[in-house]
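The file start35.cif comes next; it holds mmCIF, C-alpha atoms.
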```
data_data
loop_
_atom_site.label_atom_id
_atom_site.label_comp_id
_atom_site.auth_asym_id
_atom_site.auth_seq_id
_atom_site.Cartn_x
_atom_site.Cartn_y
_atom_site.Cartn_z
CA MET T 1 29.40 83.25 91.05
CA LYS T 2 30.63 82.20 94.49
CA ASN T 3 33.53 79.83 94.85
CA LYS T 4 35.03 78.37 98.03
CA LEU T 5 38.59 78.52 96.67
CA ILE T 6 38.21 82.21 95.82
CA ASP T 7 36.75 82.89 99.28
CA ALA T 8 39.63 81.04 100.95
CA TYR T 9 42.19 82.88 98.78
CA VAL T 10 40.65 86.28 99.56
CA ALA T 11 40.57 85.47 103.29
CA CYS T 12 44.23 84.46 103.09
CA VAL T 13 45.18 87.76 101.41
CA GLY T 14 43.10 89.62 103.99
CA GLU T 15 45.13 88.18 106.85
CA SER T 16 48.16 90.18 105.71
CA LEU T 17 46.27 93.41 105.05
CA PRO T 18 45.90 96.36 107.43
CA GLU T 19 42.59 96.08 109.26
CA LYS T 20 41.49 99.56 108.17
CA ASP T 21 41.28 98.66 104.46
CA ARG T 22 40.89 94.90 104.74
CA ALA T 23 37.15 94.52 103.98
CA ASP T 24 37.31 96.93 101.04
CA ILE T 25 40.38 95.34 99.43
CA GLU T 26 38.98 91.84 100.02
CA ALA T 27 35.74 92.79 98.25
CA GLU T 28 37.70 94.28 95.37
CA ILE T 29 39.99 91.27 94.94
CA SER T 30 37.01 88.92 95.13
CA SER T 31 35.27 90.92 92.39
CA LEU T 32 38.42 91.00 90.22
CA LEU T 33 38.92 87.24 90.55
CA GLN T 34 35.33 86.57 89.58
CA ASP T 35 35.78 88.79 86.52
CA MET T 36 38.91 86.87 85.56
CA VAL T 37 37.22 83.49 85.94
CA GLU T 38 34.18 84.64 83.93
CA SER T 39 36.39 86.03 81.21
CA ARG T 40 38.36 82.79 81.00
CA ALA T 41 35.16 80.70 80.94
CA ASP T 42 33.85 82.84 78.05
CA ALA T 43 37.13 82.51 76.17
CA GLU T 44 37.20 78.73 76.61
CA ASN T 45 33.45 78.44 76.04
CA ARG T 46 32.82 76.26 79.08
CA GLU T 47 31.53 76.48 82.64
CA PRO T 48 34.07 77.53 85.28
CA ASP T 49 35.39 74.72 87.46
CA ASP T 50 37.95 74.36 90.27
CA GLU T 51 40.75 73.72 87.81
CA MET T 52 40.02 77.01 86.07
CA VAL T 53 39.76 78.87 89.38
CA CYS T 54 43.12 77.38 90.45
CA ALA T 55 44.71 78.60 87.21
CA VAL T 56 43.32 82.11 87.75
CA LEU T 57 44.48 82.20 91.39
CA LYS T 58 47.93 81.05 90.36
CA GLU T 59 48.05 83.82 87.78
CA PHE T 60 46.88 86.38 90.36
CA GLY T 61 49.80 85.43 92.60
CA GLU T 62 50.68 84.19 96.06
CA PRO T 63 48.41 85.72 98.72
CA GLU T 64 51.29 87.26 100.74
CA LYS T 65 52.72 88.86 97.59
CA VAL T 66 49.32 90.26 96.57
CA ALA T 67 48.74 91.65 100.09
CA ALA T 68 52.22 93.21 100.07
CA SER T 69 51.44 95.07 96.84
CA TYR T 70 48.55 96.83 98.62
CA ARG T 71 50.65 97.92 101.59
CA GLU T 72 52.68 101.12 101.67
CA PRO T 73 56.36 100.48 102.41
CA HIS T 74 57.19 100.97 106.09
CA TYR T 75 60.66 101.08 107.54
CA LEU T 76 61.71 100.23 111.04
CA ILE T 77 64.91 102.11 110.23
CA GLY T 78 64.73 103.95 106.93
CA PRO T 79 67.51 104.75 104.44
CA ARG T 80 68.13 108.14 106.07
CA LEU T 81 68.96 106.68 109.50
CA PHE T 82 70.53 103.44 108.34
CA PRO T 83 74.13 104.74 107.90
CA PRO T 84 74.38 106.18 111.47
CA PHE T 85 72.61 103.03 112.75
CA GLN T 86 75.28 100.86 111.14
CA MET T 87 78.06 103.06 112.48
CA VAL T 88 76.71 103.06 116.05
CA LEU T 89 76.11 99.31 115.96
CA LYS T 90 79.66 98.63 114.77
CA ILE T 91 81.14 100.80 117.53
CA VAL T 92 78.94 99.34 120.28
CA LEU T 93 79.54 95.73 119.20
CA ALA T 94 83.30 96.34 118.92
CA VAL T 95 83.42 97.85 122.42
CA LEU T 96 81.34 94.94 123.74
CA GLY T 97 83.73 92.49 122.02
CA ALA T 98 86.75 94.22 123.54
CA ILE T 99 85.17 94.02 127.01
CA ALA T 100 84.31 90.34 126.53
CA LEU T 101 87.86 89.60 125.36
CA ALA T 102 89.34 91.46 128.34
CA GLY T 103 87.01 89.50 130.65
CA LEU T 104 88.12 86.21 129.08
CA VAL T 105 91.83 87.06 129.35
CA TYR T 106 91.34 88.11 132.95
CA THR T 107 89.46 84.89 133.81
CA LEU T 108 92.13 82.72 132.21
CA THR T 109 94.89 84.64 134.01
CA ARG T 110 93.15 84.09 137.35
CA LEU T 111 92.84 80.38 136.70
CA GLY T 112 96.60 80.18 136.21
CA SER T 113 98.00 77.10 134.51
CA VAL T 114 95.00 75.19 133.14
CA PRO T 115 94.56 72.41 130.57
CA LEU T 116 93.73 73.35 126.97
CA GLU T 117 90.25 71.88 127.40
CA THR T 118 89.46 74.44 130.13
CA ILE T 119 90.72 77.26 127.93
CA ILE T 120 88.48 76.08 125.07
CA THR T 121 85.46 75.70 127.37
CA GLN T 122 85.99 79.16 128.89
CA SER T 123 86.42 80.67 125.41
CA ILE T 124 83.24 79.06 124.10
CA GLU T 125 81.29 80.26 127.14
CA ALA T 126 82.69 83.77 126.70
CA ILE T 127 81.63 83.74 123.02
CA VAL T 128 78.14 82.52 123.96
CA GLN T 129 77.86 85.27 126.57
CA TYR T 130 79.11 87.84 124.07
CA LEU T 131 76.52 86.71 121.52
CA GLY T 132 73.77 86.97 124.15
CA SER T 133 74.86 90.49 125.10
CA ALA T 134 75.27 91.42 121.42
CA VAL T 135 71.66 90.41 120.72
CA THR T 136 70.44 92.54 123.65
CA VAL T 137 72.55 95.52 122.55
CA PHE T 138 71.38 95.07 118.94
CA GLY T 139 67.76 95.11 120.15
CA ASN T 140 68.31 98.27 122.18
CA VAL T 141 70.07 100.11 119.35
CA VAL T 142 67.31 99.09 116.92
CA LEU T 143 64.71 100.32 119.41
CA ILE T 144 66.39 103.71 119.77
CA PHE T 145 66.68 104.17 115.99
CA ALA T 146 63.12 102.92 115.39
CA ILE T 147 61.88 105.61 117.81
CA LEU T 148 64.01 108.18 115.99
CA GLU T 149 62.57 107.01 112.66
CA ILE T 150 59.08 107.82 113.94
CA ALA T 151 60.05 111.02 115.76
CA LEU T 152 62.43 112.61 113.24
CA PRO T 153 59.93 113.67 110.56
CA ARG T 154 57.96 115.48 113.28
CA ILE T 155 61.05 117.25 114.60
CA GLY T 156 62.16 118.29 111.13
CA ARG T 157 58.72 119.40 109.90
CA LYS T 158 58.76 122.95 108.64
CA LYS T 159 55.85 125.02 109.85
CA LYS T 160 56.61 128.25 108.05
CA GLU T 161 56.61 128.66 104.31
CA TRP T 162 60.17 128.39 103.03
CA ASP T 163 61.66 131.70 101.98
CA PRO T 164 64.63 131.71 99.57
CA ARG T 165 65.87 134.85 101.32
CA SER T 166 66.71 132.65 104.28
CA LEU T 167 69.60 131.44 102.11
CA THR T 168 71.35 134.79 102.53
CA GLY T 169 74.81 134.02 103.81
CA PHE T 170 74.19 130.29 103.46
CA THR T 171 76.96 128.12 102.11
CA PRO T 172 77.13 124.34 101.79
CA VAL T 173 79.24 124.20 104.95
CA ASP T 174 76.14 125.31 106.86
CA SER T 175 74.20 122.17 106.02
CA ILE T 176 73.59 119.71 108.84
CA GLU T 177 73.26 115.95 108.99
CA PRO T 178 69.93 115.30 110.75
CA ALA T 179 70.55 111.57 111.12
CA GLY T 180 73.94 112.11 112.77
CA LEU T 181 72.46 114.73 115.10
CA ALA T 182 69.58 112.40 115.98
CA ALA T 183 72.04 109.63 116.83
CA ASP T 184 74.05 112.11 118.92
CA ILE T 185 70.91 113.12 120.85
CA ALA T 186 69.96 109.49 121.45
CA PHE T 187 73.36 108.51 122.78
CA ASN T 188 73.85 111.59 124.97
CA ALA T 189 70.42 110.84 126.47
CA PHE T 190 71.47 107.21 126.90
CA ALA T 191 74.65 108.29 128.73
CA ILE T 192 72.66 110.55 131.07
CA VAL T 193 70.23 107.76 131.95
CA LEU T 194 72.90 105.02 132.24
CA PHE T 195 75.39 106.85 134.46
CA ASN T 196 72.82 108.67 136.60
CA PHE T 197 70.24 105.94 137.12
CA TYR T 198 71.90 102.61 136.36
CA PRO T 199 75.59 102.99 137.30
CA ASP T 200 75.55 99.38 138.55
CA TRP T 201 75.29 98.29 134.94
CA VAL T 202 78.82 99.60 134.38
CA ALA T 203 80.36 96.47 135.87
CA VAL T 204 82.68 93.60 135.08
CA SER T 205 81.59 89.99 134.95
CA PHE T 206 83.73 86.92 134.47
CA ARG T 207 83.78 83.19 134.99
CA GLU T 208 84.35 81.98 138.55
CA GLY T 209 84.20 78.22 139.14
CA VAL T 210 80.90 76.98 137.71
CA GLY T 211 79.11 80.31 137.40
CA TRP T 212 79.54 83.93 136.34
CA VAL T 213 80.44 86.55 138.89
CA GLN T 214 79.51 90.20 138.45
CA SER T 215 81.28 92.98 140.29
CA GLY T 216 79.66 96.10 141.67
CA THR T 217 79.98 99.24 139.55
CA VAL T 218 83.54 99.88 138.39
CA LEU T 219 82.98 103.62 138.59
CA SER T 220 84.89 105.33 141.36
CA ALA T 221 83.81 108.01 143.83
CA ALA T 222 85.89 110.44 141.73
CA PHE T 223 83.74 109.65 138.68
CA PHE T 224 80.55 110.39 140.60
CA SER T 225 81.97 113.74 141.72
CA PHE T 226 82.32 114.60 137.99
CA LEU T 227 78.92 113.18 137.04
CA PRO T 228 76.85 116.38 137.59
CA TRP T 229 79.26 118.25 135.27
CA LEU T 230 79.24 115.45 132.73
CA THR T 231 75.44 115.39 132.81
CA LEU T 232 75.40 119.13 132.25
CA ALA T 233 77.76 118.73 129.27
CA TRP T 234 75.62 115.93 127.75
CA ALA T 235 72.43 117.95 128.31
CA ALA T 236 74.06 120.99 126.67
CA LYS T 237 74.96 118.85 123.65
CA ILE T 238 71.34 117.59 123.42
CA ILE T 239 69.98 121.16 123.56
CA VAL T 240 72.37 122.36 120.84
CA ASP T 241 71.58 119.32 118.64
CA VAL T 242 67.82 119.87 119.02
CA ALA T 243 68.27 123.58 118.21
CA LEU T 244 70.26 122.60 115.10
CA LEU T 245 67.57 120.16 113.98
CA ALA T 246 64.90 122.81 114.50
CA LYS T 247 66.90 125.44 112.59
CA GLY T 248 67.87 123.00 109.85
CA ARG T 249 71.35 124.50 109.36
CA TRP T 250 74.36 125.91 111.15
CA THR T 251 74.27 129.57 112.09
CA ARG T 252 77.06 131.66 113.55
CA ALA T 253 75.42 131.62 117.01
CA LEU T 254 74.87 127.86 116.93
CA ARG T 255 78.47 127.25 115.91
CA TRP T 256 79.76 129.23 118.89
CA VAL T 257 77.28 127.63 121.31
CA PHE T 258 78.22 124.17 119.99
CA ALA T 259 81.93 124.94 120.37
CA ALA T 260 81.31 126.29 123.89
CA ALA T 261 79.50 123.04 124.81
CA GLU T 262 82.42 121.04 123.40
CA VAL T 263 84.97 123.15 125.29
CA PHE T 264 82.97 122.63 128.49
CA MET T 265 83.00 118.87 127.82
CA ILE T 266 86.77 118.99 127.20
CA GLY T 267 87.21 120.81 130.53
CA VAL T 268 85.30 118.11 132.40
CA LEU T 269 87.15 115.31 130.59
CA ALA T 270 90.53 116.98 131.24
CA ALA T 271 89.71 117.24 134.94
CA MET T 272 88.85 113.51 134.86
CA LEU T 273 92.09 112.75 132.99
CA PHE T 274 94.36 114.51 135.48
CA GLY T 275 92.32 113.82 138.63
CA GLU T 276 91.74 110.69 140.65
CA PRO T 277 91.04 107.51 138.62
CA ILE T 278 87.43 107.32 137.42
CA ILE T 279 87.29 103.56 137.88
CA ASP T 280 87.85 101.76 141.12
CA LEU T 281 89.64 98.43 140.73
CA ALA T 282 89.87 97.93 144.50
CA GLU T 283 86.07 98.07 144.54
CA ILE T 284 86.00 95.26 141.96
CA SER T 285 88.31 93.11 144.07
CA THR T 286 86.10 93.70 147.11
CA SER T 287 82.92 92.95 145.16
CA LEU T 288 84.43 89.71 143.97
CA GLY T 289 85.81 88.73 147.37
CA LEU T 290 89.41 88.85 146.19
CA ALA T 291 92.40 89.72 148.26
CA GLY T 292 94.95 92.21 146.94
CA ASP T 293 95.22 94.09 143.65
CA LEU T 294 93.89 92.86 140.33
CA PRO T 295 96.40 91.72 137.76
CA PHE T 296 97.35 94.44 135.22
CA ASP T 297 95.63 97.15 137.27
CA GLY T 298 98.30 99.64 136.18
CA GLY T 299 97.54 98.79 132.54
CA ILE T 300 93.81 99.16 133.07
CA TYR T 301 94.19 102.62 134.66
CA PHE T 302 96.49 103.65 131.80
CA THR T 303 93.97 102.39 129.20
CA VAL T 304 91.13 104.38 130.78
CA ARG T 305 93.22 107.56 130.77
CA PHE T 306 94.26 106.87 127.19
CA ILE T 307 90.60 106.50 126.15
CA LEU T 308 89.80 109.80 127.92
CA LEU T 309 92.63 111.45 125.99
CA ILE T 310 91.28 110.13 122.69
CA ILE T 311 87.78 111.42 123.51
CA ILE T 312 89.23 114.85 124.39
CA ILE T 313 91.10 114.98 121.07
CA ALA T 314 87.99 113.90 119.13
CA THR T 315 85.82 116.45 120.95
CA GLY T 316 88.35 119.21 120.31
CA SER T 317 88.58 118.22 116.66
CA ASP T 318 84.76 118.45 116.39
CA ALA T 319 84.80 121.93 117.91
CA VAL T 320 87.53 123.09 115.50
CA LYS T 321 85.68 121.60 112.51
CA VAL T 322 82.48 123.40 113.45
CA LEU T 323 84.19 126.74 114.07
CA LYS T 324 86.50 126.60 111.02
CA PRO T 325 83.98 128.10 108.54
CA GLU T 326 83.67 131.18 110.79
CA PHE T 327 87.30 131.98 110.03
CA HIS T 328 87.41 130.87 106.38
CA ARG T 329 83.99 131.98 105.15
CA GLN T 330 83.79 133.23 101.58
CA PRO T 331 81.76 136.43 101.25
CA VAL T 332 78.33 135.62 99.78
CA PRO T 333 76.39 138.30 97.92
CA SER T 334 73.21 139.13 99.79
CA VAL T 335 69.80 138.59 98.16
CA GLU T 336 68.06 141.87 97.58
CA MET Q 337 70.00 84.73 83.08
CA GLU Q 338 71.16 87.70 85.15
CA GLU Q 339 70.97 89.87 82.04
CA ASP Q 340 67.39 88.72 81.40
CA GLN Q 341 66.44 89.58 84.96
CA LEU Q 342 68.10 92.99 84.67
CA LEU Q 343 66.31 93.69 81.40
CA GLU Q 344 63.00 92.61 82.91
CA ASN Q 345 63.54 94.95 85.88
CA LEU Q 346 64.47 97.87 83.61
CA VAL Q 347 61.38 97.37 81.46
CA LEU Q 348 59.26 97.09 84.59
CA GLU Q 349 60.64 100.40 85.88
CA LEU Q 350 59.98 102.06 82.51
CA ARG Q 351 56.41 100.80 82.44
CA ARG Q 352 55.75 101.83 86.03
CA GLY Q 353 56.44 105.43 85.11
CA VAL Q 354 53.93 105.51 82.27
CA ILE Q 355 51.13 103.42 83.73
CA VAL Q 356 49.70 106.36 85.68
CA LEU Q 357 49.38 108.36 82.46
CA ALA Q 358 47.95 105.40 80.57
CA VAL Q 359 45.37 104.67 83.27
CA LEU Q 360 44.34 108.29 83.59
CA SER Q 361 43.90 108.56 79.83
CA GLN Q 362 41.69 105.44 79.78
CA LEU Q 363 39.51 106.48 82.68
CA GLN Q 364 37.70 109.37 81.09
CA GLU Q 365 34.77 106.98 81.23
CA GLU Q 366 33.86 104.72 84.13
CA GLN Q 367 35.48 101.27 84.06
CA TYR Q 368 36.00 98.42 86.49
CA GLY Q 369 39.40 97.01 87.40
CA TYR Q 370 39.53 93.99 85.14
CA SER Q 371 38.19 95.91 82.13
CA ILE Q 372 40.99 98.50 82.55
CA LEU Q 373 43.56 95.70 82.61
CA LYS Q 374 42.09 94.14 79.46
CA GLN Q 375 41.81 97.46 77.66
CA LEU Q 376 45.45 98.35 78.40
CA ALA Q 377 46.57 94.89 77.24
CA GLU Q 378 44.51 95.11 74.04
CA LYS Q 379 46.16 98.46 73.25
CA GLY Q 380 49.63 96.97 73.77
CA LEU Q 381 50.44 97.94 77.35
CA GLY Q 382 50.31 94.71 79.29
CA VAL Q 383 50.33 95.56 82.99
CA ASP Q 384 50.78 93.12 85.81
CA GLN Q 385 47.59 92.95 87.90
CA GLY Q 386 49.69 93.12 91.06
CA THR Q 387 50.81 96.55 89.87
CA LEU Q 388 47.57 97.87 88.41
CA TYR Q 389 45.01 97.24 91.15
CA PRO Q 390 47.04 98.71 94.04
CA LEU Q 391 47.93 101.61 91.71
CA LEU Q 392 44.24 102.37 91.13
CA ARG Q 393 43.74 102.65 94.89
CA ARG Q 394 46.81 104.88 95.27
CA MET Q 395 45.62 107.14 92.45
CA GLU Q 396 42.26 107.37 94.19
CA SER Q 397 43.91 108.30 97.50
CA GLN Q 398 45.89 110.98 95.61
CA GLY Q 399 42.61 112.40 94.33
CA LEU Q 400 43.25 111.55 90.67
CA LEU Q 401 40.47 108.95 90.47
CA LYS Q 402 37.06 108.38 92.00
CA SER Q 403 35.50 105.01 92.56
CA ARG Q 404 32.14 103.52 93.48
CA TRP Q 405 30.69 100.07 93.89
CA ARG Q 406 27.98 99.06 91.43
CA VAL Q 407 25.99 95.85 91.55
CA GLU Q 408 25.78 94.13 88.17
CA SER Q 409 24.50 90.60 87.51
CA ASP Q 410 23.98 90.09 91.24
CA ARG Q 411 27.52 90.92 92.19
CA PRO Q 412 29.38 94.10 93.07
CA ARG Q 413 32.10 95.66 90.96
CA ARG Q 414 34.25 98.65 91.77
CA TYR Q 415 34.18 101.24 89.00
CA TYR Q 416 36.87 103.88 88.60
CA ILE Q 417 36.78 107.19 86.74
CA ALA Q 418 39.11 110.20 86.51
CA SER Q 419 38.23 112.81 89.12
CA PRO Q 420 37.98 116.52 88.20
CA LEU Q 421 41.57 116.86 89.45
CA GLY Q 422 42.62 113.88 87.32
CA ARG Q 423 40.98 115.45 84.24
CA GLN Q 424 42.66 118.76 84.95
CA ILE Q 425 46.09 117.17 85.37
CA LEU Q 426 45.91 114.76 82.41
CA PRO Q 427 46.72 117.28 79.61
CA LYS Q 428 49.67 118.63 81.60
CA VAL Q 429 51.12 115.15 82.24
CA LYS Q 430 50.44 114.30 78.59
CA SER Q 431 52.34 117.34 77.38
CA GLU Q 432 55.26 116.45 79.69
CA TRP Q 433 55.23 112.92 78.28
CA ILE Q 434 55.32 114.20 74.70
CA LYS Q 435 58.31 116.39 75.57
CA ILE Q 436 60.16 113.54 77.30
CA SER Q 437 59.33 111.10 74.55
CA GLY Q 438 60.48 113.56 71.85
CA THR Q 439 63.72 114.27 73.68
CA LEU Q 440 64.42 110.58 74.18
CA ASP Q 441 63.70 109.91 70.51
CA LYS Q 442 66.42 112.44 69.69
CA PHE Q 443 68.83 110.81 72.14
CA LEU Q 444 68.18 107.36 70.74
CA GLU Q 445 68.57 108.47 67.13
CA GLU Q 446 72.09 109.78 67.87
#
```

Using the file provided, produce a representation of the structure as structure tokens.
Amino acid sequence: MKNKLIDAYVACVGESLPEKDRADIEAEISSLLQDMVESRADAENREPDDEMVCAVLKEFGEPEKVAASYREPHYLIGPRLFPPFQMVLKIVLAVLGAIALAGLVYTLTRLGSVPLETIITQSIEAIVQYLGSAVTVFGNVVLIFAILEIALPRIGRKKKEWDPRSLTGFTPVDSIEPAGLAADIAFNAFAIVLFNFYPDWVAVSFREGVGWVQSGTVLSAAFFSFLPWLTLAWAAKIIVDVALLAKGRWTRALRWVFAAAEVFMIGVLAAMLFGEPIIDLAEISTSLGLAGDLPFDGGIYFTVRFILLIIIIATGSDAVKVLKPEFHRQPVPSVE
Amino acid sequence: MEEDQLLENLVLELRRGVIVLAVLSQLQEEQYGYSILKQLAEKGLGVDQGTLYPLLRRMESQGLLKSRWRVESDRPRRYYIASPLGRQILPKVKSEWIKISGTLDKFLEE
């Protein structure tokens, strides 16, 4: 029994099926629908008609829903990586918002005494620009995590048969968080690429007359003198993170290597904190064709140093947290 | 309304767990998709077709079932039957089910 409605329905389901199994599933659904129509015709003791076919198709369900039931669930970002994804997105969007707000305040300050209408227009434009940047950032963060989602199972795959004896000396404090490590790897790699290859992206843009003006990079010559050391520190962190993922848990050696990498990073950051400023506000003024210093330049330099200090404290706290179990480890009976 | 929906979801989850066992037990002889659905319904386990047919394919990809196309009355039908692995596993799953069911009976009598 062939029926045009059934054929159209099956073709519609097929559109949402993976190509590999499409023909086979289409044939099966077609056969099942014909069975259902025949069974109904027998039960009602009459010939099948379009009305009956419609009733059967309605019972079978909407084509997209039926196709979905044949597909395996696929995640762009699965449950394992979703928490660090959320965390990273919140941080990045907050930083972006802070930069946009600073840009708006700066623009309004430069304009001096302006009517309320101008303030509202500038604010709306700043919000629109923030939303545009937020969408781009969101896309990039999603892309990074989607790649991690594909790559992580391969990184974490165990090749050797698991041996319970490997638990000797293991305590819960030795467990790692693969998703957090993966995010750490991604963002250290991002920092290496951004500061080494696209330093011009680290710039300030604000409203000037009818258009937006973007400065050159805000990074100073002093920053670039630290960059090789920073790159080394980021690369060291990536290597330790990859080693941790491969091992699947903390070991004494990895703890000390991790702490050493963190101490190295603290050294570089401390040198940046006490050395020449790592941003160059004079460069911004020049890029923007301004004469003299920028307003609140003292405040901006102070803020950058304050942020460096916070990062140093956070890095040091990480190192202490990782090393702590080495000094407070409970003796664990060995497995004979 | 929310309670009805919750109950429906809970029952659906419960059924999902036992459908594999029910299907495996009914496929000691070759049957086509619609006949399995009818047979399960006649014996009191109504299963949504959107659940059953994809499940049959998954069970086949897991090696629990085998299938083949047969042409009957001028049209093809896909027939399923328990594979040797499916037959080997059935008594073990059945015994697990009996244990779980017995334990739950005790819980629910309390």

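Closest approach to Glu366 of chain Q among Q:Lys402, Q:Arg393, Q:Lys435, Q:Arg352 is made by Q:Lys402 (distances from all atoms listed in the file).
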
Sorted per-residue table, chain T near chain Q, closest atoms and distance, 7 Å, only C-alpha atoms, as a tab-separated table:
```
residue	atom	partner	partner_atom	distance
T:Glu28	CA	Q:Arg414	CA	6.6
T:Ser31	CA	Q:Arg413	CA	5.9
T:Leu32	CA	Q:Tyr370	CA	6.0
T:Asp35	CA	Q:Tyr370	CA	6.6
T:Val66	CA	Q:Gly386	CA	6.2
T:Ser69	CA	Q:Gly386	CA	6.3
T:Tyr70	CA	Q:Pro390	CA	5.2
```

Atom CA of Val320 of chain T and atom CA of Arg255 of chain T, how far apart in Å?
10.0 Å

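Here the PyMOL selection byres ((chain T and resi 305-307) around 9) catches exactly these residues: T:Met272, T:Leu273, T:Phe274, T:Pro277, T:Ile278, T:Ile300, T:Tyr301, T:Phe302, T:Thr303, T:Val304, T:Leu308, T:Leu309, T:Ile310, T:Ile311, T:Ile312.
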
For the selection you just gave me, I'd like the residues written to a file as a PDB file, keeping the file's coordinate frame, keeping C-alpha atoms.
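Written file, result-v7.pdb:
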```pdb
ATOM      1  CA  MET T 272      88.850 113.510 134.860  1.00  0.00           C
ATOM      2  CA  LEU T 273      92.090 112.750 132.990  1.00  0.00           C
ATOM      3  CA  PHE T 274      94.360 114.510 135.480  1.00  0.00           C
ATOM      4  CA  PRO T 277      91.040 107.510 138.620  1.00  0.00           C
ATOM      5  CA  ILE T 278      87.430 107.320 137.420  1.00  0.00           C
ATOM      6  CA  ILE T 300      93.810  99.160 133.070  1.00  0.00           C
ATOM      7  CA  TYR T 301      94.190 102.620 134.660  1.00  0.00           C
ATOM      8  CA  PHE T 302      96.490 103.650 131.800  1.00  0.00           C
ATOM      9  CA  THR T 303      93.970 102.390 129.200  1.00  0.00           C
ATOM     10  CA  VAL T 304      91.130 104.380 130.780  1.00  0.00           C
ATOM     11  CA  LEU T 308      89.800 109.800 127.920  1.00  0.00           C
ATOM     12  CA  LEU T 309      92.630 111.450 125.990  1.00  0.00           C
ATOM     13  CA  ILE T 310      91.280 110.130 122.690  1.00  0.00           C
ATOM     14  CA  ILE T 311      87.780 111.420 123.510  1.00  0.00           C
ATOM     15  CA  ILE T 312      89.230 114.850 124.390  1.00  0.00           C
TER      16      ILE T 312
END
```

Got a sec to resolve the PyMOL selection byres ((chain Q and resi 426) around 10) on this structure and send the residues as an MDAnalysis selection string?
chainID Q and resid 356:358 360:361 364 400 418 420:425 427:432

Box in all listed atoms of segment 74-89 of chain T, axis-aligned, with 6 Å more on each side; write out centre and edge lengths in Å to one decimal as AutoDock Vina command-line options.
```
--center_x 67.6 --center_y 103.7 --center_z 110.2 --size_x 32.9 --size_y 20.8 --size_z 23.6
```

Give as a compact mmCIF listing (two decimals) with C-alpha atoms, in the frame of the given file the residues that the PyMOL selection byres ((chain T and resi 182-196) around 9) matches when applied to the coordinates above.
```txt
# COMPACT_ATOMS: atom_id res chain seq x y z
CA LEU T 81 68.96 106.68 109.50
CA PRO T 84 74.38 106.18 111.47
CA PHE T 85 72.61 103.03 112.75
CA VAL T 88 76.71 103.06 116.05
CA ILE T 144 66.39 103.71 119.77
CA PHE T 145 66.68 104.17 115.99
CA LEU T 148 64.01 108.18 115.99
CA LEU T 152 62.43 112.61 113.24
CA GLU T 177 73.26 115.95 108.99
CA PRO T 178 69.93 115.30 110.75
CA ALA T 179 70.55 111.57 111.12
CA GLY T 180 73.94 112.11 112.77
CA LEU T 181 72.46 114.73 115.10
CA PHE T 197 70.24 105.94 137.12
CA TYR T 198 71.90 102.61 136.36
CA PRO T 199 75.59 102.99 137.30
CA ASP T 200 75.55 99.38 138.55
CA TRP T 201 75.29 98.29 134.94
CA VAL T 202 78.82 99.60 134.38
CA PHE T 224 80.55 110.39 140.60
CA LEU T 227 78.92 113.18 137.04
CA PRO T 228 76.85 116.38 137.59
CA LEU T 230 79.24 115.45 132.73
CA THR T 231 75.44 115.39 132.81
CA TRP T 234 75.62 115.93 127.75
CA ALA T 235 72.43 117.95 128.31
CA LYS T 237 74.96 118.85 123.65
CA ILE T 238 71.34 117.59 123.42
CA ILE T 239 69.98 121.16 123.56
CA ASP T 241 71.58 119.32 118.64
CA VAL T 242 67.82 119.87 119.02
CA LEU T 245 67.57 120.16 113.98
```

Restricting the calculation to all atoms listed in the file: of Q:Gln362, Q:Ser419, Q:Asn345, Q:Ser403, which residue gets closest to Gln375 of chain Q?
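Closest candidate: Q:Gln362.
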
Among listed residues T:Ala8, T:Ile77, T:Leu89, T:Val204, nearest Leu57 of chain T (using all atoms listed in the file)
T:Ala8

Straight-line distance linking atom CA of Leu108 of chain T with atom CA of Gln122 of chain T, stated in Å to one decimal:
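Interatomic distance here is 7.8 Å.
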
Selection near Ser16 of chain T, 9 Å with only C-alpha atoms, sequence-local residues under 5 positions removed, as a ChimeraX atom specification:
/T:22,63-64,67-68

What is the distance between atom CA of Val10 of chain T and atom CA of Ser30 of chain T, in Å to one decimal?
6.3 Å

Excluding Leu254 of chain T and its own-chain neighbours fewer than 3 positions away, which residues fall within 10 Å of it when counting all atoms listed in the file? Please give them as a PyMOL selection string.
chain T and resi 240-241+243-244+247+249-251+257-260+322-323

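Compared by their closest atoms to Ala246 of chain T, and using all atoms listed in the file, the residues T:Tyr130, T:Ile176, T:Asn3, T:Thr109 rank with T:Ile176 nearest.
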
Closest of T:Ser225, T:Gln129, T:Thr217, T:Thr136 to Leu101 of chain T, counting all atoms listed in the file, is T:Gln129

Using only C-alpha atoms, which residue out of T:Val105, T:Ala203, T:Ile99, T:Ile120 lies closest to Ala134 of chain T?
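Smallest separation from Ala134 of chain T among the options: T:Ile99.
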